[in-house]
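Taking it in order: structure first as structure tokens, then the write-up.
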Amino acid sequence: MRIAQSLLAAAVSMAAFAAPAVAAPPPNDPYLASSPIDRAEFTTTVDTTEATTQPDLFNPSRDGLPLGGGSSENTACKGAIFGKTVWYDLPPRFSGGVELSATAAFPVAVAVYEWNDASQITRMVDCTTSPGPLRLVLAGKRNYTVQVGGVGAAGGPIAFKADVFFDKDDDGSLDELDKCPEVAGIERFGGCPPELKVTPALSWAPAGNGIEISRLAVDRVPKGAKLVVKCKGCGSQTVRAKKQGRVVFNKLAGKTVRAGANIELLVTLGKTGKSTYKFGATGSYFKWPVKASGLGARQSRCIAVGTASKLESCK
């Protein structure tokens, strides 16, 4: 519930009989008194016979007072006019999928809006007046409200249903199918960050005061990864992996590297290029120091998600 409206109670007592109750609008008739969709499988029935539409969405206020200052209530959906509306809120800062449906003895409009921290509606996401469900994928951890009303301002009992599929990490993989629901990832990695545990192999032979590169290959490279190798005296080569598997740097074969230089290899899967990963770079960095006696021990570092230029010890 965004802002709760105060309840107003009145009773009239008479000696012989009680006055008949006066029909009232549903509790979630005002926009500021929307009902929360608080379950993954939410169902409810509401009678909109006495429901209204609001010239000012901030009237009444949370206390039932004419606060004012809000926009007028929308009553149009793709050419159809509707009215006698009620309101429901999706969970705050929501990301995920929803399937919304409303059935009655008359056509019903269902509209979804985004609203800001000041409770102002900022845009309509989508709407429908068809009998079938409205299916949406909502991203960005934003606030959404649902408006339900009869086409042609018809009123009466409406059965409203909302199936909610959460995506807590907002990565596009719904939690039920996400192997890493708390960490942003990509679908082809099961909703997890891509593992970039590549394995390089460098073959060489002694060559004067240094080495001659025979072959440099990298295994377990995911599709879309970028590989860059460079060293003083052998230049550099950049390769974009077109498929998963092994990458061979053929331009380095036969190149000589003198003692004191380093052979450096950087493998990244980032948010640019052909990669579908959009949450920051992840990768591996390798360095081989060249000595007069041959090749020194390989040094390895990792690039963690969200730290595209920071090298850290691999865990």
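Identifiers for the structure tokens are assigned positionally: chains receive A, B, ... in sequence, residues are indexed from 1 per chain, and ligands are indexed from 1 in the order shown.
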Exercise: Glu212 (chain A) partners within 9 Å, only C-alpha atoms, chain neighbours under 6 positions left out, as an MDAnalysis selection string: chainID A and resid 203:206 253:258
Could you write out that same residue set with C-alpha atoms as a short mmCIF file (atom, residue, chain, number, x, y, z; two decimals), in the first residue's frame?
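The resulting file, out-v9.cif, is reproduced below:
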data_model
loop_
_atom_site.label_atom_id
_atom_site.label_comp_id
_atom_site.auth_asym_id
_atom_site.auth_seq_id
_atom_site.Cartn_x
_atom_site.Cartn_y
_atom_site.Cartn_z
CA SER A 203 55.17 -22.86 -25.53
CA TRP A 204 58.62 -21.35 -26.07
CA ALA A 205 62.26 -22.08 -26.85
CA PRO A 206 65.48 -20.34 -25.70
CA ALA A 253 54.56 -17.77 -33.40
CA GLY A 254 58.26 -17.18 -34.10
CA LYS A 255 58.39 -13.82 -32.29
CA THR A 256 61.38 -13.17 -30.02
CA VAL A 257 61.05 -11.56 -26.60
CA ARG A 258 64.16 -10.29 -24.82
#
Find the spatial neighbours of Lys223 (chain A), counting only C-alpha atoms, within a cut-off of 9 Å - ignore same-chain residues fewer than 2 positions away - and output them as a PyMOL selection string. chain A and resi 221+225-226+240-245+269+274-275
Using N, CA and C atoms, can you write the selected residues to a file as a compact mmCIF listing (two decimals), in the first residue's frame?
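Now in out38.txt:
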# COMPACT_ATOMS: atom_id res chain seq x y z
N VAL A 221 37.45 -20.65 -23.40
CA VAL A 221 37.08 -19.26 -23.66
C VAL A 221 35.60 -19.20 -24.04
N ALA A 225 34.04 -13.39 -25.72
CA ALA A 225 35.14 -12.88 -24.92
C ALA A 225 36.17 -12.17 -25.81
N LYS A 226 36.83 -11.19 -25.22
CA LYS A 226 37.88 -10.44 -25.91
C LYS A 226 39.22 -10.84 -25.32
N ARG A 240 38.54 -11.72 -30.89
CA ARG A 240 37.20 -11.83 -30.30
C ARG A 240 36.70 -13.25 -30.54
N ALA A 241 36.40 -13.96 -29.47
CA ALA A 241 35.98 -15.36 -29.60
C ALA A 241 34.62 -15.45 -30.27
N LYS A 242 34.57 -16.11 -31.43
CA LYS A 242 33.31 -16.27 -32.16
C LYS A 242 32.51 -17.47 -31.67
N LYS A 243 33.17 -18.35 -30.95
CA LYS A 243 32.49 -19.50 -30.37
C LYS A 243 33.23 -19.93 -29.12
N GLN A 244 32.59 -20.75 -28.33
CA GLN A 244 33.21 -21.22 -27.10
C GLN A 244 34.27 -22.26 -27.41
N GLY A 245 35.39 -22.20 -26.67
CA GLY A 245 36.43 -23.19 -26.88
C GLY A 245 37.83 -22.62 -26.81
N LEU A 269 35.19 -10.54 -20.60
CA LEU A 269 33.84 -10.64 -21.15
C LEU A 269 33.10 -9.44 -20.58
N LYS A 274 29.94 -8.06 -28.84
CA LYS A 274 28.92 -9.07 -29.10
C LYS A 274 28.47 -9.80 -27.84
N SER A 275 29.13 -9.54 -26.71
CA SER A 275 28.73 -10.21 -25.48
C SER A 275 27.36 -9.74 -25.02
For CA of Phe249 (chain A) and CA of Ser214 (chain A), the interatomic separation in Å (one decimal): 10.2 Å
Per-residue DSSP, region 75-286 of chain A, filtered to strand (DSSP E or B), as a ChimeraX atom specification: /A:76-77,80-89,94-103,108-115,121-128,134-151,157-166,186,192,199-206,210-221,226-231,235-240,245-248,256-258,262-269,282-286
Rank A:Ala51, A:Val218, A:Ala40, A:Val229 by their smallest atom-to-atom distance to Ala24 (chain A), using only C-alpha atoms, and report the top residue only. A:Ala51
Just want the 12 Å neighbourhood of Ala76 (chain A), counted on only C-alpha atoms, with same-chain residues fewer than 5 positions away dropped. Output as a PyMOL selection string. chain A and resi 53+81-83+85+108-111+124+126-129+147-153
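Our summary of the geometry notes that CA of Ser95 (chain A) is positioned 19.6 Å from CA of Ala118 (chain A).
Counting only C-alpha atoms, the residue from A:Gly233, A:Pro92, A:Pro107, A:Pro36 that sits nearest to Gly132 (chain A) is A:Pro107.
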